[in-house]
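Shown next: work.txt, given as compact mmCIF, C-alpha atoms.
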```
# COMPACT_ATOMS: atom_id res chain seq x y z
CA MET A 1 -108.51 2.93 -40.44
CA SER A 2 -107.04 3.26 -43.91
CA GLU A 3 -103.93 1.32 -42.93
CA GLY A 4 -105.98 -1.84 -43.11
CA HIS A 5 -106.77 -1.39 -46.81
CA ASP A 6 -104.66 -1.92 -49.90
CA HIS A 7 -103.41 1.59 -50.56
CA ALA A 8 -100.51 2.08 -52.93
CA PRO A 9 -97.96 3.36 -53.15
CA HIS A 10 -96.50 3.04 -49.64
CA ASN A 11 -93.04 4.53 -49.62
CA HIS A 12 -90.24 5.36 -47.21
CA ALA A 13 -88.04 8.39 -47.67
CA GLY A 14 -85.08 9.53 -45.62
CA PRO A 15 -81.72 8.26 -44.34
CA ALA A 16 -81.09 4.97 -42.62
CA HIS A 17 -82.44 4.42 -39.15
CA GLY A 18 -80.38 5.23 -36.11
CA ALA A 19 -77.99 7.84 -34.87
CA ARG A 20 -74.26 7.69 -34.81
CA VAL A 21 -72.43 6.69 -31.67
CA THR A 22 -69.18 8.64 -31.70
CA ALA A 23 -65.90 7.19 -30.52
CA GLY A 24 -65.16 10.58 -28.97
CA SER A 25 -68.19 10.43 -26.69
CA GLU A 26 -67.32 6.89 -25.63
CA ARG A 27 -63.71 7.85 -24.92
CA ARG A 28 -64.73 10.88 -22.86
CA ILE A 29 -67.13 8.89 -20.73
CA ARG A 30 -64.52 6.15 -20.20
CA THR A 31 -61.96 8.72 -18.99
CA VAL A 32 -64.42 10.34 -16.59
CA LEU A 33 -65.51 6.89 -15.36
CA ILE A 34 -61.95 6.05 -14.31
CA MET A 35 -61.55 9.43 -12.59
CA THR A 36 -64.92 9.16 -10.85
CA ALA A 37 -64.48 5.61 -9.57
CA GLY A 38 -60.99 6.34 -8.30
CA TYR A 39 -61.96 9.46 -6.40
CA ALA A 40 -65.14 7.86 -5.00
CA ALA A 41 -62.97 5.46 -3.00
CA VAL A 42 -60.82 8.30 -1.68
CA GLN A 43 -63.86 10.38 -0.80
CA ALA A 44 -65.64 7.52 0.96
CA VAL A 45 -62.64 6.94 3.21
CA GLY A 46 -62.24 10.68 3.83
CA GLY A 47 -65.92 11.07 4.69
CA TRP A 48 -65.83 8.14 7.10
CA LEU A 49 -62.68 9.38 8.85
CA SER A 50 -63.89 12.99 9.11
CA GLY A 51 -67.51 12.13 9.96
CA SER A 52 -68.76 14.42 7.17
CA LEU A 53 -72.19 13.72 5.67
CA ALA A 54 -71.40 16.06 2.79
CA LEU A 55 -68.41 13.92 1.83
CA ILE A 56 -70.22 10.63 2.41
CA ALA A 57 -73.18 11.82 0.36
CA ASP A 58 -70.88 13.00 -2.41
CA ALA A 59 -68.98 9.70 -2.29
CA GLY A 60 -72.27 7.86 -2.75
CA HIS A 61 -73.03 10.24 -5.57
CA MET A 62 -69.70 9.41 -7.18
CA VAL A 63 -70.32 5.67 -6.87
CA SER A 64 -73.73 6.15 -8.45
CA ASP A 65 -72.12 8.16 -11.20
CA ALA A 66 -69.49 5.50 -11.83
CA ALA A 67 -72.23 2.87 -12.20
CA ALA A 68 -74.24 5.15 -14.48
CA LEU A 69 -71.20 5.89 -16.63
CA LEU A 70 -70.45 2.19 -16.89
CA LEU A 71 -74.04 1.61 -17.98
CA ALA A 72 -73.66 4.34 -20.58
CA LEU A 73 -70.53 2.71 -21.97
CA ILE A 74 -72.35 -0.62 -22.21
CA ALA A 75 -75.21 1.15 -23.96
CA TYR A 76 -72.79 2.68 -26.48
CA ARG A 77 -71.36 -0.73 -27.34
CA VAL A 78 -74.77 -2.35 -27.71
CA ALA A 79 -76.21 0.65 -29.59
CA ALA A 80 -73.41 0.36 -32.14
CA ARG A 81 -74.70 -3.05 -33.20
CA ALA A 82 -76.35 -3.08 -36.62
CA PRO A 83 -80.14 -3.46 -36.95
CA ASP A 84 -81.38 -7.01 -37.52
CA ALA A 85 -84.57 -8.71 -38.71
CA VAL A 86 -86.15 -8.41 -35.25
CA ARG A 87 -84.87 -4.97 -34.16
CA THR A 88 -85.14 -3.10 -37.45
CA TYR A 89 -84.46 0.28 -35.82
CA GLY A 90 -81.30 -1.07 -34.21
CA PHE A 91 -80.33 -0.76 -30.56
CA HIS A 92 -80.06 3.01 -30.16
CA ARG A 93 -82.98 3.20 -27.73
CA LEU A 94 -80.70 1.54 -25.17
CA ARG A 95 -78.98 4.90 -24.95
CA VAL A 96 -82.27 6.43 -23.86
CA LEU A 97 -82.72 3.68 -21.27
CA ALA A 98 -79.23 4.36 -19.93
CA ALA A 99 -80.03 8.07 -19.66
CA LEU A 100 -83.23 7.21 -17.79
CA ALA A 101 -81.28 5.00 -15.38
CA ASN A 102 -78.79 7.82 -14.82
CA GLY A 103 -81.50 10.28 -13.86
CA ALA A 104 -83.43 7.80 -11.74
CA SER A 105 -80.34 6.77 -9.77
CA LEU A 106 -79.57 10.42 -9.10
CA LEU A 107 -83.08 11.02 -7.76
CA LEU A 108 -82.73 8.02 -5.44
CA LEU A 109 -79.43 9.33 -4.17
CA VAL A 110 -80.96 12.75 -3.48
CA ALA A 111 -83.67 11.05 -1.40
CA TRP A 112 -80.98 9.23 0.61
CA ILE A 113 -79.03 12.44 1.21
CA ALA A 114 -82.17 14.18 2.47
CA TRP A 115 -82.96 11.29 4.83
CA GLU A 116 -79.44 11.26 6.28
CA ALA A 117 -79.42 15.03 6.62
CA VAL A 118 -82.63 14.99 8.67
CA SER A 119 -81.07 12.38 10.96
CA ARG A 120 -77.97 14.54 11.40
CA LEU A 121 -80.09 17.61 12.16
CA ARG A 122 -81.85 15.68 14.92
CA GLU A 123 -78.65 14.23 16.33
CA PRO A 124 -75.58 16.33 15.37
CA SER A 125 -72.31 14.43 15.16
CA GLU A 126 -68.67 15.50 15.24
CA VAL A 127 -67.08 16.56 11.94
CA LEU A 128 -63.32 16.94 11.36
CA ALA A 129 -63.29 20.02 9.17
CA GLY A 130 -59.60 19.89 8.16
CA PRO A 131 -59.58 16.47 6.43
CA MET A 132 -63.04 17.24 5.04
CA LEU A 133 -61.74 20.41 3.37
CA VAL A 134 -58.72 18.69 1.81
CA VAL A 135 -60.75 15.81 0.36
CA ALA A 136 -63.49 18.13 -0.91
CA ALA A 137 -60.94 20.41 -2.61
CA ILE A 138 -59.40 17.44 -4.43
CA GLY A 139 -62.87 16.36 -5.48
CA LEU A 140 -63.68 19.81 -6.83
CA ALA A 141 -60.57 19.78 -9.02
CA ILE A 142 -61.36 16.32 -10.37
CA ASN A 143 -64.97 17.24 -11.10
CA ILE A 144 -63.96 20.41 -12.93
CA ILE A 145 -61.60 18.40 -15.13
CA GLY A 146 -64.31 15.81 -15.78
CA ALA A 147 -66.87 18.48 -16.67
CA LEU A 148 -64.45 20.10 -19.14
CA ILE A 149 -63.78 16.74 -20.78
CA LEU A 150 -67.49 16.01 -21.24
CA ARG A 151 -68.38 19.57 -22.26
CA ARG A 152 -66.22 19.25 -25.35
CA GLY A 153 -68.22 16.24 -26.51
CA ASP A 154 -71.47 15.96 -28.48
CA GLN A 155 -74.11 17.66 -26.33
CA GLY A 156 -76.85 16.17 -28.50
CA ASP A 157 -76.06 12.78 -26.96
CA SER A 158 -78.40 12.06 -24.03
CA ASN A 159 -75.89 9.74 -22.36
CA LEU A 160 -73.19 12.40 -22.56
CA ARG A 161 -75.64 14.94 -21.13
CA GLY A 162 -76.56 12.50 -18.39
CA ALA A 163 -72.90 11.99 -17.53
CA MET A 164 -72.40 15.75 -17.55
CA LEU A 165 -75.29 16.23 -15.11
CA HIS A 166 -73.81 13.65 -12.77
CA VAL A 167 -70.42 15.35 -12.85
CA LEU A 168 -71.99 18.76 -12.25
CA GLY A 169 -73.88 17.26 -9.34
CA ASP A 170 -70.60 15.96 -7.96
CA LEU A 171 -69.05 19.38 -8.49
CA LEU A 172 -71.83 21.02 -6.52
CA GLY A 173 -71.39 18.38 -3.85
CA SER A 174 -67.71 19.25 -3.57
CA VAL A 175 -68.51 22.95 -3.37
CA GLY A 176 -71.02 22.24 -0.62
CA ALA A 177 -68.50 20.13 1.27
CA ILE A 178 -65.87 22.86 0.98
CA GLY A 179 -68.34 25.46 2.23
CA ALA A 180 -69.39 23.23 5.10
CA ALA A 181 -65.76 22.54 6.06
CA ILE A 182 -64.82 26.21 6.07
CA GLY A 183 -67.95 27.13 8.02
CA ILE A 184 -67.31 24.46 10.62
CA MET A 185 -63.69 25.57 10.98
CA LEU A 186 -64.77 29.17 11.53
CA THR A 187 -67.84 28.62 13.72
CA GLY A 188 -67.70 25.06 15.05
CA TRP A 189 -71.32 24.62 13.96
CA THR A 190 -71.43 21.03 12.67
CA LEU A 191 -75.04 21.42 11.48
CA LEU A 192 -73.64 23.21 8.43
CA ASP A 193 -72.63 19.80 7.06
CA PRO A 194 -76.16 18.29 6.71
CA ILE A 195 -77.71 21.65 5.80
CA LEU A 196 -75.38 22.17 2.85
CA SER A 197 -75.88 18.55 1.81
CA VAL A 198 -79.61 19.21 1.48
CA LEU A 199 -78.99 22.40 -0.51
CA VAL A 200 -76.79 20.51 -2.95
CA ALA A 201 -79.44 17.80 -3.28
CA VAL A 202 -82.07 20.40 -4.16
CA LEU A 203 -79.85 21.82 -6.89
CA VAL A 204 -79.20 18.37 -8.34
CA VAL A 205 -82.80 17.13 -8.32
CA ARG A 206 -83.99 19.67 -10.90
CA SER A 207 -81.46 18.54 -13.50
CA ALA A 208 -82.04 14.88 -12.71
CA TRP A 209 -85.79 15.22 -13.12
CA GLY A 210 -85.29 16.94 -16.48
CA LEU A 211 -83.24 13.99 -17.70
CA VAL A 212 -85.80 11.46 -16.44
CA SER A 213 -88.79 13.29 -17.90
CA GLU A 214 -87.12 13.71 -21.30
CA SER A 215 -86.19 10.02 -21.42
CA ILE A 216 -89.74 9.02 -20.54
CA ARG A 217 -91.01 11.37 -23.22
CA VAL A 218 -88.89 9.63 -25.84
CA LEU A 219 -89.85 6.13 -24.66
CA LEU A 220 -93.55 7.05 -24.76
CA GLN A 221 -93.02 8.16 -28.37
CA ALA A 222 -94.30 11.67 -27.75
CA VAL A 223 -93.95 14.13 -30.60
CA PRO A 224 -90.54 15.81 -30.82
CA ARG A 225 -90.33 18.98 -28.72
CA GLY A 226 -91.52 22.07 -30.57
CA LEU A 227 -93.58 20.10 -33.08
CA ASP A 228 -97.34 20.69 -33.34
CA ALA A 229 -98.63 17.49 -34.95
CA ARG A 230 -101.96 18.99 -36.05
CA ALA A 231 -100.28 22.04 -37.55
CA ALA A 232 -97.78 19.84 -39.43
CA GLU A 233 -100.62 17.70 -40.76
CA ALA A 234 -102.50 20.80 -41.95
CA ASP A 235 -99.31 22.13 -43.54
CA LEU A 236 -98.87 18.94 -45.57
CA ALA A 237 -102.40 19.34 -46.95
CA THR A 238 -101.32 22.63 -48.55
CA LEU A 239 -98.61 20.99 -50.67
CA PRO A 240 -99.26 20.92 -54.43
CA GLY A 241 -100.84 17.66 -55.53
CA ILE A 242 -102.20 16.77 -52.09
CA ALA A 243 -105.94 17.06 -51.45
CA GLU A 244 -105.95 15.73 -47.88
CA ALA A 245 -103.48 14.69 -45.17
CA GLY A 246 -104.25 12.73 -42.02
CA HIS A 247 -103.18 10.07 -39.52
CA PHE A 248 -99.98 12.05 -38.87
CA HIS A 249 -97.73 10.60 -36.16
CA ALA A 250 -94.22 11.69 -35.20
CA TRP A 251 -91.81 10.60 -32.49
CA THR A 252 -88.14 10.74 -31.51
CA LEU A 253 -86.18 7.63 -32.41
CA THR A 254 -82.81 8.67 -30.97
CA ASP A 255 -81.10 11.89 -29.90
CA GLU A 256 -80.42 12.77 -33.52
CA SER A 257 -83.29 11.20 -35.44
CA SER A 258 -87.06 11.78 -35.62
CA VAL A 259 -89.61 9.62 -37.43
CA ALA A 260 -93.03 10.41 -38.88
CA THR A 261 -95.82 8.55 -40.68
CA VAL A 262 -98.67 10.16 -42.56
CA HIS A 263 -101.47 9.34 -45.00
CA VAL A 264 -102.21 11.64 -47.94
CA VAL A 265 -104.84 11.73 -50.69
CA PRO A 266 -103.73 13.00 -54.13
CA GLU A 267 -105.55 15.70 -56.01
CA ALA A 268 -107.18 14.76 -59.28
CA GLY A 269 -104.52 14.39 -61.95
CA ALA A 270 -101.62 14.40 -59.49
CA ASP A 271 -98.91 11.76 -59.72
CA PRO A 272 -99.20 9.67 -56.51
CA LEU A 273 -95.64 8.39 -56.91
CA ALA A 274 -94.28 11.93 -56.50
CA LEU A 275 -96.06 12.65 -53.20
CA PRO A 276 -93.87 10.65 -50.73
CA ALA A 277 -90.73 12.54 -51.74
CA LEU A 278 -92.62 15.84 -51.57
CA VAL A 279 -93.90 15.08 -48.06
CA ALA A 280 -90.50 13.90 -46.86
CA SER A 281 -88.83 17.04 -48.15
CA ARG A 282 -91.30 19.33 -46.37
CA LEU A 283 -91.07 17.47 -43.05
CA ARG A 284 -87.28 17.38 -43.21
CA GLU A 285 -86.80 21.06 -44.08
CA ARG A 286 -89.52 22.58 -41.91
CA TYR A 287 -89.74 20.16 -38.96
CA ALA A 288 -86.30 18.42 -38.90
CA ILE A 289 -87.88 14.98 -39.31
CA ASP A 290 -85.37 12.82 -41.15
CA HIS A 291 -87.28 9.57 -41.70
CA VAL A 292 -90.76 9.71 -43.18
CA THR A 293 -93.21 7.00 -44.20
CA THR A 294 -95.97 8.27 -46.51
CA GLN A 295 -99.00 6.22 -47.48
CA VAL A 296 -101.04 7.47 -50.44
CA ASP A 297 -104.76 6.70 -50.09
CA PRO A 298 -107.62 6.89 -52.61
CA PRO A 299 -110.23 9.65 -52.24
CA GLY A 300 -112.55 9.11 -49.26
CA ALA A 301 -110.21 6.72 -47.43
CA LEU A 302 -109.14 9.23 -44.78
CA VAL A 303 -112.71 10.10 -43.91
CA ALA A 304 -113.62 6.43 -43.69
CA GLY A 305 -110.59 5.73 -41.51
CA LYS A 306 -111.77 8.21 -38.88
CA HIS A 307 -114.83 6.09 -38.03
```
Represent the structure from my file as structure tokens, please.
Amino acid sequence: MSEGHDHAPHNHAGPAHGARVTAGSERRIRTVLIMTAGYAAVQAVGGWLSGSLALIADAGHMVSDAAALLLALIAYRVAARAPDAVRTYGFHRLRVLAALANGASLLLLVAWIAWEAVSRLREPSEVLAGPMLVVAAIGLAINIIGALILRRGDQGDSNLRGAMLHVLGDLLGSVGAIGAAIGIMLTGWTLLDPILSVLVAVLVVRSAWGLVSESIRVLLQAVPRGLDARAAEADLATLPGIAEAGHFHAWTLTDESSVATVHVVPEAGADPLALPALVASRLRERYAIDHVTTQVDPPGALVAGKH
């Protein structure tokens, strides 16, 4: 490939690596962490005393959320560290790892809820609907407050989105527990508790899988969503002064930053030093790629690099 040859100039264009980690996002997650951890203890005790699977499952969900939020806070602190000679892109990918852990933990919890629900369906157990309703109502209020706090933050932040999904999952869990409690009070049918727990789990799993799949996509350095790499490469070849473009690669660095590399061949008489800025400008304006590395090759190098 042409990268192995001496091709000059090789130039970078675009802002510094990395995305900002806002103090506001960190503060919001810290507040919701305290609320979540505190209520998880209350809910666990309430679920145990009332015999409610919906409350126990939601308490486990809250504990999982508290751990995930703590991981997100740690990721924020580490991600804020400046790049060094070894990690030249900085530590922002830790935020993606934290988002992946959030989604994965939520999927594991959904599997546990489903398992417990099947056991309860086979062997129904007594549920005290009154205490269950009170605890679930308190949980609903706390989750609504937490969701409002996170919703006002930067929704481009994958960790904030992950925290939001966890809180929404908790909110749905509280709604399910309230519905189960009211149904049991009216009908005495305790099977409503595990049934509604499964319904809540189904609603949560879709969002959790979306978070996991998007994190994996970023870690595998797939092209940013909505970008057609071949079309972008062909578009660059139409720029004035460029005869050919090839070896185009693009990937997401962080929530707010995309990176691309490309090789171009200048037209006869064109100034090769002007091409990197031209390429960077096109990719930034048309494809929202903010960091571009352009290598200018001599005629014939791109064809040779394909073999």
Dump as a Markdown table the rows for residues of stretch 257-300 of chain A within 12 Å of stretch 211-220 of chain A: closest atom pair and distance in Å with one decimal, all atoms listed in the file counted, ordered by chain and rising residue number.
```
| residue | atom | partner | partner_atom | distance |
| --- | --- | --- | --- | --- |
| A:Ser257 | CA | A:Val218 | CA | 11.2 |
| A:Ser258 | CA | A:Val218 | CA | 10.2 |
| A:Val259 | CA | A:Val218 | CA | 11.6 |
```
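You can rank A:Leu100, A:Val200, A:Leu69, A:Ile56 by their closest distance to A:Arg27 using all atoms listed in the file, and at the top of that list sits A:Leu69.
For the residues A:Ala177, A:Glu123, A:Arg93, A:Gly103, ranking by smallest atom-to-atom distance to A:Gly46 using only C-alpha atoms places A:Ala177 first.
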Skipping near chain neighbours, those fewer than 6 positions away, what residues fall within 12 Å of A:Gly162 using all atoms listed in the file, listed as a PyMOL selection string? chain A and resi 25+29+65-66+68-69+71-72+95-106+147+150-151+154-156+168-169+204+207-212+214-215
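A straight line drawn from atom CA of A:Gly146 to atom CA of A:Pro194 is 25.5 Å long.
Minimum atom-to-atom distance to A:Gly176, evaluated using all atoms listed in the file, belongs to A:Val202 out of A:Ala288, A:Val223, A:Ala163, A:Val202.
For the atom pair formed by atom CA of A:Ile178 and atom CA of A:Ala136, the distance is 5.6 Å, given to one decimal.
Using only C-alpha atoms, the shortest contact distance between A:Ile142 and any of A:Met62, A:Ala270, A:Ala231, A:Leu165 is found at A:Met62.
Interatomic distance, atom CA of A:Thr252 against atom CA of A:Asp297: 25.3 Å.
Using only C-alpha atoms, the smallest distance between any of A:Ala232, A:Val265, A:Val205, A:Ala274 and A:Arg286 comes from A:Ala232.
For the residues A:Gly188, A:His291, A:Arg28, A:Leu171, ranking by smallest atom-to-atom distance to A:Leu140 using only C-alpha atoms places A:Leu171 first.
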Using only C-alpha atoms, which protein or nucleic acid residues come within 9 Å of A:Ala59? Drop anything in the same chain fewer than 4 positions from it, and give the result as a PyMOL selection string. chain A and resi 39-45+47+54-55+63-64+170
Adding 5 Å on each side of the box along x, y and z that holds all listed atoms of stretch 89-100 of chain A, could you give its centre and edge lengths in Å to one decimal, as AutoDock Vina command-line options?
```
--center_x -81.7 --center_y 3.5 --center_z -26.8 --size_x 15.5 --size_y 19.1 --size_z 28.0
```
Would you kindly return, as a ChimeraX atom specification, each protein, DNA or RNA residue with an atom no farther than 9 Å from any atom of A:Arg120, considering all atoms listed in the file and excluding same-chain residues fewer than 2 positions away? /A:53,115-118,122-125,191,193-194
Show me as a PyMOL selection string the residues that reach within 7 Å of (-96.9, 10.3, -35.5), counting all atoms listed in the file and using the file's own coordinates. chain A and resi 223+248-251+260-261
Any chance you could export the current selection's C-alpha atoms as a PDB file, keeping the file's coordinate frame?
```
ATOM      1  CA  VAL A 223     -93.950  14.130 -30.600  1.00  0.00           C
ATOM      2  CA  PHE A 248     -99.980  12.050 -38.870  1.00  0.00           C
ATOM      3  CA  HIS A 249     -97.730  10.600 -36.160  1.00  0.00           C
ATOM      4  CA  ALA A 250     -94.220  11.690 -35.200  1.00  0.00           C
ATOM      5  CA  TRP A 251     -91.810  10.600 -32.490  1.00  0.00           C
ATOM      6  CA  ALA A 260     -93.030  10.410 -38.880  1.00  0.00           C
ATOM      7  CA  THR A 261     -95.820   8.550 -40.680  1.00  0.00           C
TER       8      THR A 261
END
```
Residue contacts of A:Ser281 (12 Å, all atoms listed in the file) excluding same-chain residues fewer than 2 positions away, as a PDB file with C-alpha atoms, in the coordinates of the input:
```
ATOM      1  CA  HIS A  12     -90.240   5.360 -47.210  1.00  0.00           C
ATOM      2  CA  ALA A  13     -88.040   8.390 -47.670  1.00  0.00           C
ATOM      3  CA  GLY A  14     -85.080   9.530 -45.620  1.00  0.00           C
ATOM      4  CA  PRO A  15     -81.720   8.260 -44.340  1.00  0.00           C
ATOM      5  CA  LEU A 236     -98.870  18.940 -45.570  1.00  0.00           C
ATOM      6  CA  LEU A 239     -98.610  20.990 -50.670  1.00  0.00           C
ATOM      7  CA  ALA A 274     -94.280  11.930 -56.500  1.00  0.00           C
ATOM      8  CA  LEU A 275     -96.060  12.650 -53.200  1.00  0.00           C
ATOM      9  CA  PRO A 276     -93.870  10.650 -50.730  1.00  0.00           C
ATOM     10  CA  ALA A 277     -90.730  12.540 -51.740  1.00  0.00           C
ATOM     11  CA  LEU A 278     -92.620  15.840 -51.570  1.00  0.00           C
ATOM     12  CA  VAL A 279     -93.900  15.080 -48.060  1.00  0.00           C
ATOM     13  CA  LEU A 283     -91.070  17.470 -43.050  1.00  0.00           C
ATOM     14  CA  ARG A 284     -87.280  17.380 -43.210  1.00  0.00           C
ATOM     15  CA  GLU A 285     -86.800  21.060 -44.080  1.00  0.00           C
ATOM     16  CA  ARG A 286     -89.520  22.580 -41.910  1.00  0.00           C
ATOM     17  CA  TYR A 287     -89.740  20.160 -38.960  1.00  0.00           C
ATOM     18  CA  ALA A 288     -86.300  18.420 -38.900  1.00  0.00           C
ATOM     19  CA  ILE A 289     -87.880  14.980 -39.310  1.00  0.00           C
ATOM     20  CA  ASP A 290     -85.370  12.820 -41.150  1.00  0.00           C
ATOM     21  CA  HIS A 291     -87.280   9.570 -41.700  1.00  0.00           C
ATOM     22  CA  VAL A 292     -90.760   9.710 -43.180  1.00  0.00           C
ATOM     23  CA  THR A 293     -93.210   7.000 -44.200  1.00  0.00           C
ATOM     24  CA  THR A 294     -95.970   8.270 -46.510  1.00  0.00           C
TER      25      THR A 294
END
```
Give as an mmCIF file with C-alpha atoms, in the coordinates of the input every residue, naming chains and numbers as the document does, that has an atom within 8 Å of (-63.8, 23.7, 3.1), counting all atoms listed in the file.
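Dumped to result.cif:
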```
data_model
loop_
_atom_site.group_PDB
_atom_site.id
_atom_site.type_symbol
_atom_site.label_atom_id
_atom_site.label_comp_id
_atom_site.auth_asym_id
_atom_site.auth_seq_id
_atom_site.Cartn_x
_atom_site.Cartn_y
_atom_site.Cartn_z
ATOM 1 C CA ALA A 129 -63.290 20.020 9.170
ATOM 2 C CA GLY A 130 -59.600 19.890 8.160
ATOM 3 C CA MET A 132 -63.040 17.240 5.040
ATOM 4 C CA LEU A 133 -61.740 20.410 3.370
ATOM 5 C CA VAL A 134 -58.720 18.690 1.810
ATOM 6 C CA ALA A 136 -63.490 18.130 -0.910
ATOM 7 C CA ALA A 137 -60.940 20.410 -2.610
ATOM 8 C CA ALA A 177 -68.500 20.130 1.270
ATOM 9 C CA ILE A 178 -65.870 22.860 0.980
ATOM 10 C CA GLY A 179 -68.340 25.460 2.230
ATOM 11 C CA ALA A 180 -69.390 23.230 5.100
ATOM 12 C CA ALA A 181 -65.760 22.540 6.060
ATOM 13 C CA ILE A 182 -64.820 26.210 6.070
ATOM 14 C CA GLY A 183 -67.950 27.130 8.020
#
```
Complete the atom set of stretch 230-250 of chain A to N, CA and C atoms and return it as a CSV table (one decimal), in the frame of the given file.
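Output contents, as saved in part_37.csv:
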```csv
chain,number,residue,atom,x,y,z
A,230,ARG,N,-100.8,18.6,-35.3
A,230,ARG,CA,-102.0,19.0,-36.0
A,230,ARG,C,-101.6,20.1,-37.1
A,231,ALA,N,-100.7,21.0,-36.6
A,231,ALA,CA,-100.3,22.0,-37.6
A,231,ALA,C,-99.5,21.5,-38.7
A,232,ALA,N,-98.6,20.5,-38.4
A,232,ALA,CA,-97.8,19.8,-39.4
A,232,ALA,C,-98.7,19.1,-40.4
A,233,GLU,N,-99.7,18.4,-39.9
A,233,GLU,CA,-100.6,17.7,-40.8
A,233,GLU,C,-101.4,18.7,-41.7
A,234,ALA,N,-101.8,19.8,-41.1
A,234,ALA,CA,-102.5,20.8,-42.0
A,234,ALA,C,-101.6,21.4,-43.0
A,235,ASP,N,-100.3,21.6,-42.6
A,235,ASP,CA,-99.3,22.1,-43.5
A,235,ASP,C,-99.1,21.2,-44.7
A,236,LEU,N,-99.1,19.9,-44.5
A,236,LEU,CA,-98.9,18.9,-45.6
A,236,LEU,C,-100.0,19.0,-46.6
A,237,ALA,N,-101.2,19.3,-46.1
A,237,ALA,CA,-102.4,19.3,-47.0
A,237,ALA,C,-102.3,20.5,-47.9
A,238,THR,N,-101.4,21.5,-47.7
A,238,THR,CA,-101.3,22.6,-48.6
A,238,THR,C,-100.3,22.4,-49.7
A,239,LEU,N,-99.6,21.3,-49.6
A,239,LEU,CA,-98.6,21.0,-50.7
A,239,LEU,C,-99.3,20.7,-52.0
A,240,PRO,N,-98.7,21.1,-53.1
A,240,PRO,CA,-99.3,20.9,-54.4
A,240,PRO,C,-99.4,19.4,-54.7
A,241,GLY,N,-100.6,19.0,-55.2
A,241,GLY,CA,-100.8,17.7,-55.5
A,241,GLY,C,-101.5,16.9,-54.4
A,242,ILE,N,-101.6,17.5,-53.2
A,242,ILE,CA,-102.2,16.8,-52.1
A,242,ILE,C,-103.5,17.4,-51.8
A,243,ALA,N,-104.6,16.6,-51.8
A,243,ALA,CA,-105.9,17.1,-51.4
A,243,ALA,C,-106.2,17.0,-50.0
A,244,GLU,N,-105.7,15.9,-49.3
A,244,GLU,CA,-106.0,15.7,-47.9
A,244,GLU,C,-104.7,15.1,-47.2
A,245,ALA,N,-104.5,15.3,-46.0
A,245,ALA,CA,-103.5,14.7,-45.2
A,245,ALA,C,-104.1,14.3,-43.8
A,246,GLY,N,-103.7,13.2,-43.3
A,246,GLY,CA,-104.2,12.7,-42.0
A,246,GLY,C,-103.4,11.6,-41.4
A,247,HIS,N,-103.9,11.2,-40.3
A,247,HIS,CA,-103.2,10.1,-39.5
A,247,HIS,C,-101.7,10.4,-39.4
A,248,PHE,N,-101.4,11.6,-39.0
A,248,PHE,CA,-100.0,12.0,-38.9
A,248,PHE,C,-99.5,11.7,-37.5
A,249,HIS,N,-98.4,11.0,-37.4
A,249,HIS,CA,-97.7,10.6,-36.2
A,249,HIS,C,-96.2,10.9,-36.3
A,250,ALA,N,-95.6,11.4,-35.2
A,250,ALA,CA,-94.2,11.7,-35.2
A,250,ALA,C,-93.7,11.4,-33.8
```
